[in-house]
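**Student:** Could you have a look at this structure, given as structure tokens, before my questions?
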Amino acid sequence: MRASFVIVVHTLVFNAAGELLLLRRANTGFMDGHYALPGGHRQAGEEIVTAAIRECREEALVEVAGIKPIVVMPYDGGVDFIFEATRFSGEPGIGEPDKCDDLLFAPTDALPSPTVDFVAAALECRAQGVWFREFH
């Protein structure tokens, strides 16, 4: 039997001070109250980078550009593709208030608590130039 899995995209978006854009999940039923990157599920037939751009627009009201891959992190049931936007435009804001109740920029060495675990793992991979990491 062939395996099927979920494809999820996330994007690291930094401001001019090098702080990371994070959104606090709310009312989703999964990790509510935790800060996370803009991201979400790839839609059927959608290119992965297109999904990352769409999710940043929908969730954080920013247009991202210069998308580059950072790390691929398979997990039980799916795979996360983590990208970095080299630039963004627009005023960051909460685009989906039914799924998010806070937005902030945080220094990467002082992430708010709680932040979903994969964010620190992705930042570590970025710093080390590691493109693949199993995530449990």
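Labels for the structure tokens follow display order: chains A, B, ..., residues from 1 in each chain, ligands from 1.
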List the neighbours of stretch 36-40 of chain A out to 6 Å using only C-alpha atoms; skip same-chain residues closer than 2 positions along the sequence, and give me the result as an NGL selection string.

**Tutor:** :A and (8-11 or 22-23 or 55-56 or 116)

**Student:** Taking C-alpha atoms for each residue, export the selection above as a PDB file, in the first residue's frame.

**Tutor:**
```pdb
ATOM      1  CA  VAL A   8       2.807  21.685   5.250  1.00  0.00           C
ATOM      2  CA  VAL A   9       4.758  24.853   4.457  1.00  0.00           C
ATOM      3  CA  HIS A  10       6.142  27.473   6.845  1.00  0.00           C
ATOM      4  CA  THR A  11       8.140  30.628   6.198  1.00  0.00           C
ATOM      5  CA  LEU A  22       5.490  34.739  14.775  1.00  0.00           C
ATOM      6  CA  LEU A  23       1.748  34.241  15.137  1.00  0.00           C
ATOM      7  CA  GLU A  55       0.001  31.391   3.623  1.00  0.00           C
ATOM      8  CA  CYS A  56       2.095  34.499   4.464  1.00  0.00           C
ATOM      9  CA  VAL A 116       6.052  25.285  18.649  1.00  0.00           C
TER      10      VAL A 116
END
```

**Student:** Between A:Ile94, A:Ile82, A:Ala16, A:Leu103, which residue has the minimum interatomic distance to A:Ala120, considering only C-alpha atoms?

**Tutor:** A:Ile82

**Student:** Rounded to one decimal place, report the atom CA of A:Met73-atom CA of A:Ala85 distance in Å.

**Tutor:**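 Calculated distance between atom CA of A:Met73 and atom CA of A:Ala85 is 17.9 Å.
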
**Student:** Residues within 7 Å of A:Leu21, please, as a PyMOL selection string. Count only C-alpha atoms; anything in the same chain fewer than 5 positions from it doesn't count.

**Tutor:** chain A and resi 13-14+37+104-106

**Student:** Dump N, CA and C atoms for the selected residues as a CSV table (one decimal), in the first residue's frame?

**Tutor:**
```csv
chain,number,residue,atom,x,y,z
A,13,VAL,N,10.2,34.8,8.3
A,13,VAL,CA,10.1,36.1,7.8
A,13,VAL,C,10.8,37.0,8.9
A,14,PHE,N,11.8,37.7,8.5
A,14,PHE,CA,12.6,38.5,9.4
A,14,PHE,C,12.4,40.0,9.1
A,37,LEU,N,5.3,29.9,13.0
A,37,LEU,CA,5.6,30.7,11.7
A,37,LEU,C,4.3,30.8,10.9
A,104,LEU,N,3.8,39.0,16.5
A,104,LEU,CA,4.9,39.7,17.0
A,104,LEU,C,6.2,39.4,16.3
A,105,PHE,N,7.2,40.2,16.4
A,105,PHE,CA,8.5,39.9,15.9
A,105,PHE,C,9.4,39.6,17.2
A,106,ALA,N,10.1,38.5,17.2
A,106,ALA,CA,10.9,38.2,18.4
A,106,ALA,C,12.3,37.9,17.9
```

**Student:** Once DSSP has gone over the backbone, tell me which residues of chain A are in helix (DSSP H, G or I), as a list in words.

**Tutor:** Ile48, Val49, Thr50, Ala51, Ala52, Ile53, Arg54, Glu55, Cys56, Arg57, Glu58, Glu59, Ala60, Asp117, Phe118, Val119, Ala120, Ala121, Ala122, Leu123, Glu124, Cys125, Arg126, Ala127 and Gln128 of chain A

**Student:** Could you turn the residues from that selection into a file that holds N, CA, C and O atoms, as a compact mmCIF listing (two decimals), in the first residue's frame?

**Tutor:**
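Final output, again_16.txt:
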```
# COMPACT_ATOMS: atom_id res chain seq x y z
N ILE A 48 4.60 24.13 -3.98
CA ILE A 48 4.95 24.31 -2.58
C ILE A 48 5.35 25.75 -2.27
O ILE A 48 4.91 26.32 -1.26
N VAL A 49 6.16 26.37 -3.11
CA VAL A 49 6.55 27.76 -2.87
C VAL A 49 5.34 28.68 -2.97
O VAL A 49 5.19 29.62 -2.18
N THR A 50 4.44 28.40 -3.90
CA THR A 50 3.21 29.19 -4.02
C THR A 50 2.39 29.08 -2.74
O THR A 50 1.81 30.08 -2.28
N ALA A 51 2.35 27.91 -2.14
CA ALA A 51 1.63 27.72 -0.88
C ALA A 51 2.26 28.57 0.22
O ALA A 51 1.54 29.19 1.02
N ALA A 52 3.58 28.62 0.28
CA ALA A 52 4.26 29.43 1.30
C ALA A 52 3.92 30.91 1.13
O ALA A 52 3.63 31.61 2.11
N ILE A 53 3.93 31.39 -0.09
CA ILE A 53 3.60 32.79 -0.38
C ILE A 53 2.15 33.08 0.01
O ILE A 53 1.85 34.09 0.65
N ARG A 54 1.25 32.18 -0.36
CA ARG A 54 -0.18 32.35 -0.05
C ARG A 54 -0.41 32.37 1.46
O ARG A 54 -1.15 33.22 1.97
N GLU A 55 0.21 31.46 2.17
CA GLU A 55 0.00 31.39 3.62
C GLU A 55 0.50 32.67 4.31
O GLU A 55 -0.15 33.15 5.24
N CYS A 56 1.61 33.24 3.87
CA CYS A 56 2.09 34.50 4.46
C CYS A 56 1.11 35.63 4.21
O CYS A 56 0.85 36.45 5.09
N ARG A 57 0.57 35.66 3.01
CA ARG A 57 -0.43 36.69 2.66
C ARG A 57 -1.70 36.52 3.49
O ARG A 57 -2.21 37.47 4.05
N GLU A 58 -2.20 35.29 3.58
CA GLU A 58 -3.44 35.04 4.29
C GLU A 58 -3.31 35.24 5.80
O GLU A 58 -4.17 35.86 6.42
N GLU A 59 -2.24 34.72 6.38
CA GLU A 59 -2.12 34.72 7.84
C GLU A 59 -1.53 36.00 8.41
O GLU A 59 -1.94 36.44 9.48
N ALA A 60 -0.53 36.58 7.71
CA ALA A 60 0.21 37.72 8.28
C ALA A 60 0.10 38.99 7.44
O ALA A 60 0.73 40.00 7.77
N ASP A 117 7.76 23.58 18.81
CA ASP A 117 9.13 23.05 18.85
C ASP A 117 9.88 23.14 17.52
O ASP A 117 11.09 23.34 17.51
N PHE A 118 9.17 22.97 16.43
CA PHE A 118 9.89 22.92 15.16
C PHE A 118 10.52 24.25 14.77
O PHE A 118 11.43 24.29 13.95
N VAL A 119 10.08 25.36 15.36
CA VAL A 119 10.67 26.67 15.03
C VAL A 119 12.13 26.71 15.46
O VAL A 119 13.01 27.07 14.67
N ALA A 120 12.42 26.33 16.69
CA ALA A 120 13.80 26.31 17.16
C ALA A 120 14.63 25.32 16.35
O ALA A 120 15.78 25.60 16.00
N ALA A 121 14.04 24.18 16.01
CA ALA A 121 14.75 23.18 15.20
C ALA A 121 15.07 23.75 13.81
O ALA A 121 16.18 23.55 13.30
N ALA A 122 14.12 24.46 13.21
CA ALA A 122 14.35 25.05 11.89
C ALA A 122 15.44 26.12 11.96
O ALA A 122 16.29 26.20 11.06
N LEU A 123 15.42 26.94 13.00
CA LEU A 123 16.46 27.97 13.15
C LEU A 123 17.83 27.35 13.34
O LEU A 123 18.83 27.84 12.81
N GLU A 124 17.89 26.26 14.07
CA GLU A 124 19.16 25.54 14.27
C GLU A 124 19.66 24.98 12.94
O GLU A 124 20.85 25.12 12.62
N CYS A 125 18.79 24.37 12.16
CA CYS A 125 19.17 23.85 10.85
C CYS A 125 19.65 24.98 9.94
O CYS A 125 20.64 24.83 9.22
N ARG A 126 18.96 26.10 9.98
CA ARG A 126 19.35 27.27 9.19
C ARG A 126 20.76 27.72 9.56
O ARG A 126 21.59 27.98 8.69
N ALA A 127 21.04 27.81 10.84
CA ALA A 127 22.35 28.26 11.31
C ALA A 127 23.46 27.29 10.92
O ALA A 127 24.59 27.71 10.63
N GLN A 128 23.14 26.00 10.88
CA GLN A 128 24.13 24.98 10.58
C GLN A 128 24.19 24.61 9.10
O GLN A 128 25.04 23.83 8.69
```

**Student:** Write out as a PyMOL selection string all residues of stretch 58-125 of chain A that backbone DSSP assigns to strand (DSSP E).

**Tutor:** chain A and resi 63-75+78-89+100-106

**Student:** For atom CA of A:His136 and atom CA of A:Phe81, determine how far apart the two atoms are, in Å to one decimal place.

**Tutor:**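 So the answer is 14.8 Å.
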
**Student:** What does the distance from atom CA of A:Glu84 to atom CA of A:Pro112 come to in Å, to one decimal?

**Tutor:** 19.6 Å

**Student:** With distances taken over only C-alpha atoms, which residue among A:Leu61, A:Leu111, A:Cys100, A:Val130 lies nearest A:Gly33?

**Tutor:** A:Cys100

**Student:** Tell me which of A:Thr108, A:Ile7, A:Pro114, A:Arg2 sits closest to A:Glu19, counting only C-alpha atoms.

**Tutor:** A:Thr108

**Student:** Nearest to A:Pro69: which of A:Ala3, A:Ala44, A:Ala17, A:Leu12 is it, counting only C-alpha atoms?

**Tutor:**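 Ranking A:Ala3, A:Ala44, A:Ala17, A:Leu12 by distance to A:Pro69, first place goes to A:Leu12.
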